[in-house]
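> My structure is in structure-v7.cif, and what it holds is mmCIF, C-alpha atoms:
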data_entry
#
loop_
_atom_site.group_PDB
_atom_site.id
_atom_site.type_symbol
_atom_site.label_atom_id
_atom_site.label_comp_id
_atom_site.auth_asym_id
_atom_site.auth_seq_id
_atom_site.Cartn_x
_atom_site.Cartn_y
_atom_site.Cartn_z
ATOM 1 C CA MET A 1 -97.923 146.083 -38.247
ATOM 2 C CA MET A 2 -94.559 147.461 -37.104
ATOM 3 C CA LYS A 3 -93.498 147.937 -40.743
ATOM 4 C CA ASN A 4 -96.647 149.950 -41.514
ATOM 5 C CA THR A 5 -96.121 152.097 -38.408
ATOM 6 C CA CYS A 6 -92.537 152.898 -39.489
ATOM 7 C CA ILE A 7 -93.691 153.836 -42.960
ATOM 8 C CA MET A 8 -96.347 156.160 -41.510
ATOM 9 C CA LEU A 9 -93.781 157.813 -39.226
ATOM 10 C CA LEU A 10 -91.439 158.388 -42.151
ATOM 11 C CA CYS A 11 -94.289 159.910 -44.125
ATOM 12 C CA PHE A 12 -95.164 162.245 -41.247
ATOM 13 C CA VAL A 13 -91.521 163.302 -40.941
ATOM 14 C CA GLY A 14 -91.319 163.969 -44.685
ATOM 15 C CA ILE A 15 -94.543 165.980 -44.638
ATOM 16 C CA TYR A 16 -93.350 167.919 -41.577
ATOM 17 C CA LEU A 17 -90.007 168.829 -43.133
ATOM 18 C CA SER A 18 -91.684 169.763 -46.410
ATOM 19 C CA SER A 19 -94.187 172.021 -44.659
ATOM 20 C CA CYS A 20 -91.399 173.612 -42.612
ATOM 21 C CA LYS A 21 -89.441 174.393 -45.745
ATOM 22 C CA SER A 22 -92.414 175.765 -47.684
ATOM 23 C CA GLY A 23 -93.753 177.672 -44.701
ATOM 24 C CA GLY A 24 -90.347 179.109 -43.862
ATOM 25 C CA PHE A 25 -89.479 180.289 -47.365
ATOM 26 C CA ASN A 26 -90.736 183.826 -46.837
ATOM 27 C CA THR A 27 -89.278 183.903 -43.325
ATOM 28 C CA ALA A 28 -85.904 182.789 -44.644
ATOM 29 C CA GLN A 29 -85.939 185.531 -47.279
ATOM 30 C CA ASP A 30 -86.772 188.144 -44.665
ATOM 31 C CA TYR A 31 -83.935 186.995 -42.371
ATOM 32 C CA VAL A 32 -81.393 186.985 -45.208
ATOM 33 C CA LYS A 33 -82.487 190.454 -46.334
ATOM 34 C CA SER A 34 -82.272 191.746 -42.749
ATOM 35 C CA PHE A 35 -78.839 190.177 -42.297
ATOM 36 C CA LEU A 36 -77.509 191.909 -45.416
ATOM 37 C CA LYS A 37 -79.065 195.268 -44.584
ATOM 38 C CA VAL A 38 -77.283 195.170 -41.217
ATOM 39 C CA ASN A 39 -73.902 193.877 -42.469
ATOM 40 C CA LEU A 40 -73.419 195.444 -45.911
ATOM 41 C CA LYS A 41 -71.174 198.526 -46.077
ATOM 42 C CA HIS A 42 -73.546 200.176 -48.547
ATOM 43 C CA ALA A 43 -76.810 198.699 -47.355
ATOM 44 C CA GLU A 44 -78.840 201.536 -48.852
ATOM 45 C CA SER A 45 -77.909 200.271 -52.340
ATOM 46 C CA TYR A 46 -78.951 196.659 -51.676
ATOM 47 C CA GLU A 47 -81.484 195.206 -54.129
ATOM 48 C CA PRO A 48 -82.644 191.564 -53.861
ATOM 49 C CA LEU A 49 -82.832 189.844 -57.250
ATOM 50 C CA SER A 50 -83.683 186.195 -56.649
ATOM 51 C CA PHE A 51 -83.854 183.376 -54.099
ATOM 52 C CA SER A 52 -83.516 179.646 -54.662
ATOM 53 C CA GLN A 53 -85.744 177.114 -52.949
ATOM 54 C CA ILE A 54 -84.774 176.016 -49.438
ATOM 55 C CA ASP A 55 -82.661 172.846 -49.174
ATOM 56 C CA THR A 56 -81.899 170.714 -46.141
ATOM 57 C CA VAL A 57 -78.238 170.303 -45.222
ATOM 58 C CA THR A 58 -76.110 168.012 -43.064
ATOM 59 C CA GLU A 59 -73.702 169.053 -40.330
ATOM 60 C CA SER A 60 -70.739 168.194 -42.564
ATOM 61 C CA ASP A 61 -71.974 170.737 -45.125
ATOM 62 C CA THR A 62 -71.742 173.549 -42.611
ATOM 63 C CA PHE A 63 -68.711 172.624 -40.479
ATOM 64 C CA GLY A 64 -70.766 172.094 -37.339
ATOM 65 C CA LYS A 65 -72.444 175.508 -37.336
ATOM 66 C CA GLY A 66 -75.837 174.072 -36.426
ATOM 67 C CA ALA A 67 -77.508 174.853 -39.752
ATOM 68 C CA MET A 68 -80.486 172.859 -40.981
ATOM 69 C CA TYR A 69 -81.305 174.587 -44.266
ATOM 70 C CA SER A 70 -79.651 176.543 -47.058
ATOM 71 C CA ILE A 71 -80.895 179.109 -49.553
ATOM 72 C CA ARG A 72 -79.042 180.768 -52.440
ATOM 73 C CA HIS A 73 -79.574 184.501 -52.883
ATOM 74 C CA THR A 74 -78.608 186.812 -55.739
ATOM 75 C CA TYR A 75 -78.585 190.544 -55.102
ATOM 76 C CA SER A 76 -77.020 193.754 -56.366
ATOM 77 C CA VAL A 77 -75.087 196.253 -54.294
ATOM 78 C CA LEU A 78 -72.760 199.222 -54.684
ATOM 79 C CA ASN A 79 -69.196 198.216 -53.770
ATOM 80 C CA ASP A 80 -66.344 200.373 -52.478
ATOM 81 C CA SER A 81 -65.555 201.424 -56.062
ATOM 82 C CA ASN A 82 -69.085 202.848 -56.277
ATOM 83 C CA GLU A 83 -69.964 200.303 -58.946
ATOM 84 C CA LYS A 84 -73.115 198.210 -59.043
ATOM 85 C CA VAL A 85 -72.274 194.499 -58.906
ATOM 86 C CA ASN A 86 -74.272 191.293 -58.557
ATOM 87 C CA LYS A 87 -73.440 188.744 -55.872
ATOM 88 C CA THR A 88 -74.721 185.203 -55.427
ATOM 89 C CA ILE A 89 -74.219 183.684 -51.978
ATOM 90 C CA LEU A 90 -75.347 180.454 -50.344
ATOM 91 C CA PHE A 91 -76.719 181.206 -46.866
ATOM 92 C CA TYR A 92 -77.059 178.522 -44.188
ATOM 93 C CA LEU A 93 -80.034 178.783 -41.835
ATOM 94 C CA ASP A 94 -80.743 177.328 -38.409
ATOM 95 C CA LYS A 95 -84.028 175.715 -37.389
ATOM 96 C CA SER A 96 -85.690 179.119 -37.005
ATOM 97 C CA PHE A 97 -84.436 180.136 -40.495
ATOM 98 C CA THR A 98 -82.032 182.769 -39.211
ATOM 99 C CA VAL A 99 -78.617 183.051 -40.879
ATOM 100 C CA SER A 100 -75.940 180.952 -39.149
ATOM 101 C CA LYS A 101 -73.267 180.949 -41.859
ATOM 102 C CA PHE A 102 -72.646 181.847 -45.498
ATOM 103 C CA ASN A 103 -70.128 180.585 -48.026
ATOM 104 C CA ASP A 104 -68.481 183.880 -48.958
ATOM 105 C CA ILE A 105 -66.223 186.267 -47.044
ATOM 106 C CA ASN A 106 -67.001 189.166 -49.374
ATOM 107 C CA ILE A 107 -70.666 190.132 -49.208
ATOM 108 C CA ASN A 108 -69.923 193.696 -50.399
ATOM 109 C CA GLY A 109 -68.909 192.877 -53.975
ATOM 110 C CA ASN A 110 -65.427 194.373 -53.707
ATOM 111 C CA TYR A 111 -62.617 193.556 -56.124
ATOM 112 C CA GLY A 112 -59.333 191.703 -56.232
ATOM 113 C CA ALA A 113 -57.071 190.897 -59.200
ATOM 114 C CA ILE A 114 -54.825 188.293 -60.845
ATOM 115 C CA GLU A 115 -51.483 188.993 -62.506
ATOM 116 C CA GLY A 116 -48.715 186.687 -63.682
ATOM 117 C CA ASN A 117 -47.216 184.801 -66.578
ATOM 118 C CA ILE A 118 -47.709 181.554 -68.471
ATOM 119 C CA ILE A 119 -44.853 179.870 -70.331
ATOM 120 C CA TRP A 120 -44.085 176.623 -72.131
ATOM 121 C CA GLU A 121 -40.878 174.854 -73.143
ATOM 122 C CA TYR A 122 -40.477 174.517 -76.898
ATOM 123 C CA ASN A 123 -37.665 171.936 -76.755
ATOM 124 C CA ASN A 124 -36.204 169.343 -74.401
ATOM 125 C CA ALA A 125 -33.326 171.652 -73.497
ATOM 126 C CA GLY A 126 -35.631 173.684 -71.273
ATOM 127 C CA CYS A 127 -35.845 176.705 -73.573
ATOM 128 C CA LYS A 128 -38.907 178.703 -72.577
ATOM 129 C CA LYS A 129 -41.310 180.979 -74.401
ATOM 130 C CA LEU A 130 -44.295 183.084 -73.402
ATOM 131 C CA ASP A 131 -47.350 180.895 -73.936
ATOM 132 C CA VAL A 132 -49.093 183.206 -76.411
ATOM 133 C CA GLY A 133 -52.704 182.211 -76.956
ATOM 134 C CA SER A 134 -53.089 180.686 -73.509
ATOM 135 C CA GLU A 135 -56.426 181.330 -71.847
ATOM 136 C CA VAL A 136 -57.385 181.861 -68.209
ATOM 137 C CA SER A 137 -61.008 181.302 -67.180
ATOM 138 C CA LEU A 138 -62.521 181.822 -63.733
ATOM 139 C CA TYR A 139 -65.757 180.076 -62.725
ATOM 140 C CA SER A 140 -67.464 181.307 -59.562
ATOM 141 C CA LEU A 141 -68.134 178.529 -57.070
ATOM 142 C CA ASN A 142 -71.188 180.487 -55.947
ATOM 143 C CA ASN A 143 -72.848 180.364 -59.362
ATOM 144 C CA MET A 144 -71.592 176.970 -60.657
ATOM 145 C CA SER A 145 -72.205 177.936 -64.296
ATOM 146 C CA ASN A 146 -70.348 176.552 -67.324
ATOM 147 C CA ILE A 147 -69.943 180.142 -68.550
ATOM 148 C CA PRO A 148 -66.799 181.725 -67.054
ATOM 149 C CA ASN A 149 -67.247 184.856 -64.975
ATOM 150 C CA TYR A 150 -63.869 186.167 -66.152
ATOM 151 C CA GLN A 151 -61.734 185.157 -69.112
ATOM 152 C CA VAL A 152 -58.549 186.517 -70.671
ATOM 153 C CA VAL A 153 -56.278 185.403 -73.533
ATOM 154 C CA LEU A 154 -52.539 186.122 -73.545
ATOM 155 C CA HIS A 155 -51.675 188.037 -76.745
ATOM 156 C CA ASN A 156 -48.397 188.609 -78.590
ATOM 157 C CA ASP A 157 -47.934 192.170 -77.327
ATOM 158 C CA GLU A 158 -48.420 191.234 -73.655
ATOM 159 C CA CYS A 159 -45.853 190.012 -71.164
ATOM 160 C CA ASN A 160 -48.286 189.137 -68.391
ATOM 161 C CA VAL A 161 -51.760 187.812 -67.824
ATOM 162 C CA THR A 162 -53.786 190.452 -65.996
ATOM 163 C CA ILE A 163 -57.394 190.334 -64.850
ATOM 164 C CA LYS A 164 -58.473 193.362 -62.864
ATOM 165 C CA LYS A 165 -61.708 194.005 -61.016
ATOM 166 C CA ILE A 166 -62.520 190.418 -60.096
ATOM 167 C CA ILE A 167 -65.285 190.241 -57.508
ATOM 168 C CA ALA A 168 -63.542 188.789 -54.467
ATOM 169 C CA GLU A 169 -64.677 185.214 -53.767
ATOM 170 C CA LYS A 170 -63.606 181.616 -54.490
ATOM 171 C CA TYR A 171 -63.234 180.508 -58.106
ATOM 172 C CA TYR A 172 -62.332 177.424 -60.067
ATOM 173 C CA MET A 173 -59.556 178.455 -62.437
ATOM 174 C CA VAL A 174 -58.967 176.710 -65.757
ATOM 175 C CA VAL A 175 -55.767 177.629 -67.596
ATOM 176 C CA ARG A 176 -55.536 176.356 -71.182
ATOM 177 C CA SER A 177 -52.145 176.428 -72.881
ATOM 178 C CA GLY A 178 -51.928 178.125 -76.254
ATOM 179 C CA ASN A 179 -49.045 175.961 -77.474
ATOM 180 C CA LYS A 180 -48.318 172.867 -75.416
ATOM 181 C CA ILE A 181 -50.115 169.694 -76.503
ATOM 182 C CA GLU A 182 -51.067 167.362 -73.632
ATOM 183 C CA CYS A 183 -50.469 163.629 -73.761
ATOM 184 C CA PRO A 184 -53.973 162.086 -73.758
ATOM 185 C CA GLU A 185 -53.324 159.724 -70.828
ATOM 186 C CA LEU A 186 -52.120 162.667 -68.689
ATOM 187 C CA LEU A 187 -55.145 164.736 -69.663
ATOM 188 C CA LEU A 188 -57.378 161.874 -68.477
ATOM 189 C CA LYS A 189 -55.535 161.855 -65.146
ATOM 190 C CA LYS A 190 -56.073 165.596 -64.733
ATOM 191 C CA LEU A 191 -59.775 165.281 -65.525
ATOM 192 C CA SER A 192 -60.081 162.386 -63.086
ATOM 193 C CA ILE A 193 -58.303 164.255 -60.266
ATOM 194 C CA ASN A 194 -60.524 167.308 -60.808
ATOM 195 C CA ASP A 195 -63.728 165.280 -61.187
ATOM 196 C CA LYS A 196 -65.732 167.080 -58.484
ATOM 197 C CA TYR A 197 -65.630 170.611 -59.851
ATOM 198 C CA ILE A 198 -65.685 169.524 -63.498
ATOM 199 C CA LYS A 199 -68.963 167.763 -62.785
ATOM 200 C CA GLN A 200 -70.401 170.725 -60.859
ATOM 201 C CA ILE A 201 -69.424 173.301 -63.486
ATOM 202 C CA PHE A 202 -69.637 171.425 -66.782
ATOM 203 C CA GLY A 203 -72.103 168.675 -65.861
ATOM 204 C CA PHE A 204 -69.666 165.978 -66.996
ATOM 205 C CA ASP A 205 -69.159 162.914 -64.784
ATOM 206 C CA ILE A 206 -65.931 161.187 -65.768
ATOM 207 C CA HIS A 207 -66.752 158.311 -63.407
ATOM 208 C CA GLU A 208 -69.214 157.071 -65.998
ATOM 209 C CA TYR A 209 -66.083 155.913 -67.816
ATOM 210 C CA ASP A 210 -64.408 154.236 -64.842
ATOM 211 C CA VAL A 211 -64.092 150.845 -66.557
ATOM 212 C CA GLU A 212 -62.151 152.340 -69.478
ATOM 213 C CA LEU A 213 -60.164 154.670 -67.206
ATOM 214 C CA LYS A 214 -58.958 151.842 -64.982
ATOM 215 C CA LYS A 215 -57.676 149.944 -68.005
ATOM 216 C CA ILE A 216 -55.872 153.001 -69.377
ATOM 217 C CA PHE A 217 -54.334 153.932 -66.017
ATOM 218 C CA LYS A 218 -53.164 150.316 -65.547
ATOM 219 C CA MET A 219 -51.537 150.447 -68.978
ATOM 220 C CA TYR A 220 -49.896 153.768 -68.030
ATOM 221 C CA ASP A 221 -48.519 152.307 -64.793
ATOM 222 C CA ASP A 222 -47.132 149.295 -66.680
ATOM 223 C CA TYR A 223 -45.570 151.632 -69.243
ATOM 224 C CA THR A 224 -43.854 153.803 -66.612
ATOM 225 C CA ILE A 225 -42.378 150.667 -64.979
ATOM 226 C CA VAL A 226 -40.689 149.768 -68.258
ATOM 227 C CA VAL A 227 -39.531 153.362 -68.862
ATOM 228 C CA SER A 228 -37.895 153.556 -65.423
ATOM 229 C CA GLU A 229 -36.162 150.154 -65.729
ATOM 230 C CA ASN A 230 -32.344 150.305 -65.789
ATOM 231 C CA ASP A 231 -31.799 146.604 -66.406
ATOM 232 C CA PHE A 232 -31.991 146.454 -70.214
ATOM 233 C CA ASP A 233 -31.275 142.726 -70.244
ATOM 234 C CA LYS A 234 -34.569 142.163 -68.463
ATOM 235 C CA TYR A 235 -36.283 142.959 -71.770
ATOM 236 C CA GLY A 236 -33.682 141.411 -74.086
ATOM 237 C CA GLY A 237 -31.385 144.401 -74.472
ATOM 238 C CA LEU A 238 -31.723 148.136 -75.043
ATOM 239 C CA TYR A 239 -33.262 148.009 -78.527
ATOM 240 C CA ALA A 240 -35.800 145.379 -77.506
ATOM 241 C CA MET A 241 -36.688 147.512 -74.478
ATOM 242 C CA VAL A 242 -37.172 150.598 -76.671
ATOM 243 C CA ASP A 243 -39.394 148.612 -79.040
ATOM 244 C CA LYS A 244 -41.485 147.421 -76.108
ATOM 245 C CA MET A 245 -41.839 150.972 -74.744
ATOM 246 C CA THR A 246 -42.847 152.288 -78.179
ATOM 247 C CA THR A 247 -45.453 149.581 -78.658
ATOM 248 C CA MET A 248 -46.901 150.114 -75.169
ATOM 249 C CA GLN A 249 -47.003 153.881 -75.645
ATOM 250 C CA ASN A 250 -48.740 153.623 -79.012
ATOM 251 C CA VAL A 251 -51.440 151.290 -77.676
ATOM 252 C CA LEU A 252 -51.884 153.413 -74.541
ATOM 253 C CA ARG A 253 -52.258 156.673 -76.469
ATOM 254 C CA LYS A 254 -54.603 155.143 -79.022
ATOM 255 C CA LYS A 255 -56.984 153.984 -76.282
ATOM 256 C CA ALA A 256 -56.735 157.309 -74.404
ATOM 257 C CA VAL A 257 -57.471 159.315 -77.577
ATOM 258 C CA ALA A 258 -60.479 157.126 -78.383
ATOM 259 C CA LEU A 259 -61.898 157.609 -74.877
ATOM 260 C CA ILE A 260 -61.518 161.401 -74.961
ATOM 261 C CA GLN A 261 -63.165 161.556 -78.378
ATOM 262 C CA SER A 262 -66.104 159.556 -76.981
ATOM 263 C CA PHE A 263 -66.878 162.207 -74.345
ATOM 264 C CA PRO A 264 -70.094 164.225 -74.926
ATOM 265 C CA GLU A 265 -69.687 166.869 -77.615
ATOM 266 C CA LYS A 266 -71.086 169.616 -75.373
ATOM 267 C CA PHE A 267 -68.472 168.986 -72.683
ATOM 268 C CA ARG A 268 -65.642 168.924 -75.216
ATOM 269 C CA LYS A 269 -66.945 172.154 -76.731
ATOM 270 C CA ASP A 270 -67.329 173.890 -73.334
ATOM 271 C CA LEU A 271 -63.788 172.949 -72.308
ATOM 272 C CA LYS A 272 -62.380 173.412 -75.849
ATOM 273 C CA LEU A 273 -60.999 169.888 -76.050
ATOM 274 C CA ASP A 274 -59.491 169.564 -79.521
ATOM 275 C CA GLY A 275 -59.674 165.842 -80.182
ATOM 276 C CA GLY A 276 -57.557 163.364 -78.277
ATOM 277 C CA TYR A 277 -54.391 165.432 -78.459
ATOM 278 C CA SER A 278 -55.667 168.648 -76.944
ATOM 279 C CA ASN A 279 -53.936 171.730 -75.610
ATOM 280 C CA ALA A 280 -52.679 171.246 -72.047
ATOM 281 C CA TYR A 281 -54.801 172.270 -69.061
ATOM 282 C CA ASP A 282 -54.218 173.300 -65.481
ATOM 283 C CA PHE A 283 -57.078 173.197 -62.975
ATOM 284 C CA SER A 284 -57.022 174.814 -59.533
ATOM 285 C CA LEU A 285 -59.037 176.548 -56.832
ATOM 286 C CA VAL A 286 -58.218 180.195 -56.228
ATOM 287 C CA ARG A 287 -59.572 182.631 -53.643
ATOM 288 C CA ILE A 288 -59.588 186.240 -54.788
ATOM 289 C CA LYS A 289 -59.345 188.589 -51.804
ATOM 290 C CA GLU A 290 -60.555 192.158 -51.481
ATOM 291 C CA GLY A 291 -57.884 194.680 -52.485
ATOM 292 C CA GLU A 292 -55.245 192.018 -53.197
ATOM 293 C CA THR A 293 -53.575 190.802 -56.399
ATOM 294 C CA ILE A 294 -53.026 187.054 -56.706
ATOM 295 C CA THR A 295 -49.862 185.964 -58.554
ATOM 296 C CA LEU A 296 -50.358 183.487 -61.380
ATOM 297 C CA SER A 297 -47.353 181.452 -62.544
ATOM 298 C CA ARG A 298 -47.632 178.431 -64.857
ATOM 299 C CA ASN A 299 -45.029 176.479 -66.816
ATOM 300 C CA PHE A 300 -46.719 173.872 -69.015
ATOM 301 C CA GLY A 301 -43.413 172.261 -69.977
ATOM 302 C CA THR A 302 -42.712 170.528 -73.299
ATOM 303 C CA THR A 303 -45.351 169.421 -75.767
ATOM 304 C CA CYS A 304 -46.393 165.780 -76.074
ATOM 305 C CA GLN A 305 -45.001 163.619 -78.844
ATOM 306 C CA ILE A 306 -47.948 162.569 -80.981
ATOM 307 C CA THR A 307 -47.888 158.863 -81.837
ATOM 308 C CA LYS A 308 -49.518 157.165 -84.804
#
As C-alpha cells - that is how I would like this structure written.

Amino acid sequence: MMKNTCIMLLCFVGIYLSSCKSGGFNTAQDYVKSFLKVNLKHAESYEPLSFSQIDTVTESDTFGKGAMYSIRHTYSVLNDSNEKVNKTILFYLDKSFTVSKFNDININGNYGAIEGNIIWEYNNAGCKKLDVGSEVSLYSLNNMSNIPNYQVVLHNDECNVTIKKIIAEKYYMVVRSGNKIECPELLLKKLSINDKYIKQIFGFDIHEYDVELKKIFKMYDDYTIVVSENDFDKYGGLYAMVDKMTTMQNVLRKKAVALIQSFPEKFRKDLKLDGGYSNAYDFSLVRIKEGETITLSRNFGTTCQITK
C-alpha cells in the first residue's frame, strides 16, 4: 500500500512539473523578451528568432541563484558597430519564470579579437619556426555545435594569427598544428583531459574506451619510469635499457595508434585526426571580451618520432 502511494505521489509530482513547464513556456518567452528589451543597448533592433523547450535545473547549475528552469534563446540585434548579429544565450528562470541569471556577459553582440603567434621546433636544439598551416577554431559554448563559429589558418605570408570581430562570449578553442606530429599516447591524454567539451561539441565520449585507455596509460607510466631511471645496471646495462625502452615504446605506440584509428569516422573527420600519428592539438577555454584583444601564444615543440 505504501509503495503504491509513493508511486502515485511521484506521478503527481511529474505531472505537476510537466504542466508547469508547458504552461509557463509562453510566460518564459515573454519575460526573456522583456528582459532583453530593457537591458539591450539597441533594444529597438531586437528580433527574437527561436526558443528552446524549458528544462529543469539544479542549484549547482546556477551557482545558487535560485533558478528552477532554463531556456535557450536565439535573437538578432544591432551591436555597437551597427552590425546585425545573432546571439544565443541560456537564460535561467525562477519559479515564476522570470530571468534570474544568464550564461553570457555580452548580450549586445559586441566584438573582441584574438591575435598572436604559433610556432613549432623543427629539431631537438630548440630551433623554432612559424607553424605555417596551423589552424585556430573557436566553438561557442552557447551554441555547442561541431561547426566552428570562427576559424583561421596561418599562411606563409603572415607573421601572426589574427581573428577580428569575434562576438564577445566564452569559446572552446582548438588549435591544430600545421607541422608538429603528436605522439599517439599523448594525443589520447589530451583527449581524455578535455573529455567534457569534446563530448558536448563533437558528440564523442572517450570514456567508452576506458578499458583500452587504462591499459595504454599504464603502459605509458611504466615506460616513463624506465626512461627516467639513472641506474643502468638495474636493466642489465645501458644498451639493454635502451632496448627495453625501444620495445616498450613500440608496443605502446602501436596500441595507441590502433585505438585512435578505431574512433568513429565522423569524429575523426570533424577534428581532422589524420590516422594514429596526427598533427598536434591544443585545447583550451577562452573568454573573448568586448573591445579587447586576447593574446594567443602556442609553442607545439618538436615533432614525435614515428615508430614502426
> Which residue, A:Cys127, A:Leu49, A:Val85, A:Ala28, has the smallest gap to Ile167 (chain A) when you use all atoms listed in the file?
A:Val85
> Just so the selection is clear, what residues does the PyMOL selection byres ((chain A and resi 270) around 12) cover here, as a CSV table (one decimal) with C-alpha atoms, keeping the file's coordinate frame?

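Final output, saved to selection.csv:
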chain,number,residue,atom,x,y,z
A,137,SER,CA,-61.0,181.3,-67.2
A,145,SER,CA,-72.2,177.9,-64.3
A,146,ASN,CA,-70.3,176.6,-67.3
A,147,ILE,CA,-69.9,180.1,-68.6
A,148,PRO,CA,-66.8,181.7,-67.1
A,174,VAL,CA,-59.0,176.7,-65.8
A,198,ILE,CA,-65.7,169.5,-63.5
A,201,ILE,CA,-69.4,173.3,-63.5
A,202,PHE,CA,-69.6,171.4,-66.8
A,203,GLY,CA,-72.1,168.7,-65.9
A,204,PHE,CA,-69.7,166.0,-67.0
A,263,PHE,CA,-66.9,162.2,-74.3
A,264,PRO,CA,-70.1,164.2,-74.9
A,265,GLU,CA,-69.7,166.9,-77.6
A,266,LYS,CA,-71.1,169.6,-75.4
A,267,PHE,CA,-68.5,169.0,-72.7
A,268,ARG,CA,-65.6,168.9,-75.2
A,269,LYS,CA,-66.9,172.2,-76.7
A,271,LEU,CA,-63.8,172.9,-72.3
A,272,LYS,CA,-62.4,173.4,-75.8
A,273,LEU,CA,-61.0,169.9,-76.0
A,274,ASP,CA,-59.5,169.6,-79.5
> Between CA of Ser177 (chain A) and CA of Asn156 (chain A), measure the distance and give it in Å to one decimal.
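CA of Asn156 (chain A) lies at a distance of 14.0 Å from CA of Ser177 (chain A).
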> List, as a ChimeraX atom specification, every residue that the PyMOL selection byres ((chain A and resi 153) around 7) selects in the file provided.
/A:133-136,152,154-155
> Taking 5 positions as the minimum chain separation for residues in the same chain, which residues sit within 7 Å of Thr293 (chain A) when counting all atoms listed in the file? Answer as a PyMOL selection string.
chain A and resi 112-115
> For Lys254 (chain A), list every protein, DNA or RNA residue within 10 Å, evaluated using all atoms listed in the file, and leave out those in the same chain fewer than 3 positions away; present the list as an NGL selection string.
:A and (184-185 or 216 or 248-251 or 257-259 or 276 or 307-308)
> Could you write those residues out with C-alpha atoms, as a PDB file, in the frame of the given file?

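Output contents, as saved in part_21.pdb:
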ATOM      1  CA  PRO A 184     -53.973 162.086 -73.758  1.00  0.00           C
ATOM      2  CA  GLU A 185     -53.324 159.724 -70.828  1.00  0.00           C
ATOM      3  CA  ILE A 216     -55.872 153.001 -69.377  1.00  0.00           C
ATOM      4  CA  MET A 248     -46.901 150.114 -75.169  1.00  0.00           C
ATOM      5  CA  GLN A 249     -47.003 153.881 -75.645  1.00  0.00           C
ATOM      6  CA  ASN A 250     -48.740 153.623 -79.012  1.00  0.00           C
ATOM      7  CA  VAL A 251     -51.440 151.290 -77.676  1.00  0.00           C
ATOM      8  CA  VAL A 257     -57.471 159.315 -77.577  1.00  0.00           C
ATOM      9  CA  ALA A 258     -60.479 157.126 -78.383  1.00  0.00           C
ATOM     10  CA  LEU A 259     -61.898 157.609 -74.877  1.00  0.00           C
ATOM     11  CA  GLY A 276     -57.557 163.364 -78.277  1.00  0.00           C
ATOM     12  CA  THR A 307     -47.888 158.863 -81.837  1.00  0.00           C
ATOM     13  CA  LYS A 308     -49.518 157.165 -84.804  1.00  0.00           C
TER      14      LYS A 308
END
> Nearest to Val38 (chain A): which of A:Asn117, A:Asn142, A:Thr246, A:Asn108 is it, counting all atoms listed in the file?
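Answer, going by the shortest atom-to-atom distance: A:Asn108.
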> Within 12 Å of region 180-183 of chain A, which residues of region 15-126 of chain A come that close, and what is the closest atom pair and distance in Å for each? Count all atoms listed in the file and give it as CSV.

residue,atom,partner,partner_atom,distance
A:Ile118,CA,A:Lys180,CA,11.1
A:Ile119,CA,A:Lys180,CA,9.3
A:Trp120,CA,A:Lys180,CA,6.5
A:Glu121,CA,A:Lys180,CA,8.0
A:Tyr122,CA,A:Lys180,CA,8.1
A:Asn123,CA,A:Lys180,CA,10.8
> Write out, as a short mmCIF file (atom, residue, chain, number, x, y, z; two decimals), in the frame of the given file, the residues just selected, with C-alpha atoms.

data_model
loop_
_atom_site.label_atom_id
_atom_site.label_comp_id
_atom_site.auth_asym_id
_atom_site.auth_seq_id
_atom_site.Cartn_x
_atom_site.Cartn_y
_atom_site.Cartn_z
CA ILE A 118 -47.71 181.55 -68.47
CA ILE A 119 -44.85 179.87 -70.33
CA TRP A 120 -44.08 176.62 -72.13
CA GLU A 121 -40.88 174.85 -73.14
CA TYR A 122 -40.48 174.52 -76.90
CA ASN A 123 -37.66 171.94 -76.76
#
> Could you tell me, as a PyMOL selection string, exactly which residues end up selected when the PyMOL selection byres ((chain A and resi 48) around 12) is applied to this structure?
chain A and resi 29-30+32-34+36-37+43-47+49-52+72-77+85-89
> One decimal, in Å: what's the spacing between CA of Thr247 (chain A) and CA of Ser278 (chain A)?
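Those two atoms sit 21.7 Å apart.
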> Between A:Phe97, A:Tyr31, A:Phe102, A:Tyr209, which is the closest to Thr56 (chain A) once you count only C-alpha atoms?
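Nearest candidate to Thr56 (chain A) out of A:Phe97, A:Tyr31, A:Phe102, A:Tyr209: A:Phe97.
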> What gap, in Å, lies between CA of Asp195 (chain A) and CA of Leu93 (chain A)?
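Between CA of Asp195 (chain A) and CA of Leu93 (chain A) the gap works out to 28.7 Å.
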> Residues around (-66.1, 198.5, -56.8), cut-off 9 Å, counting all atoms listed in the file - what are they as an mmCIF file with C-alpha atoms, in the coordinates of the input?

data_model
loop_
_atom_site.group_PDB
_atom_site.id
_atom_site.type_symbol
_atom_site.label_atom_id
_atom_site.label_comp_id
_atom_site.auth_asym_id
_atom_site.auth_seq_id
_atom_site.Cartn_x
_atom_site.Cartn_y
_atom_site.Cartn_z
ATOM 1 C CA LEU A 78 -72.760 199.222 -54.684
ATOM 2 C CA ASN A 79 -69.196 198.216 -53.770
ATOM 3 C CA ASP A 80 -66.344 200.373 -52.478
ATOM 4 C CA SER A 81 -65.555 201.424 -56.062
ATOM 5 C CA ASN A 82 -69.085 202.848 -56.277
ATOM 6 C CA GLU A 83 -69.964 200.303 -58.946
ATOM 7 C CA LYS A 84 -73.115 198.210 -59.043
ATOM 8 C CA VAL A 85 -72.274 194.499 -58.906
ATOM 9 C CA ASN A 108 -69.923 193.696 -50.399
ATOM 10 C CA GLY A 109 -68.909 192.877 -53.975
ATOM 11 C CA ASN A 110 -65.427 194.373 -53.707
ATOM 12 C CA TYR A 111 -62.617 193.556 -56.124
ATOM 13 C CA LYS A 165 -61.708 194.005 -61.016
ATOM 14 C CA ILE A 167 -65.285 190.241 -57.508
#
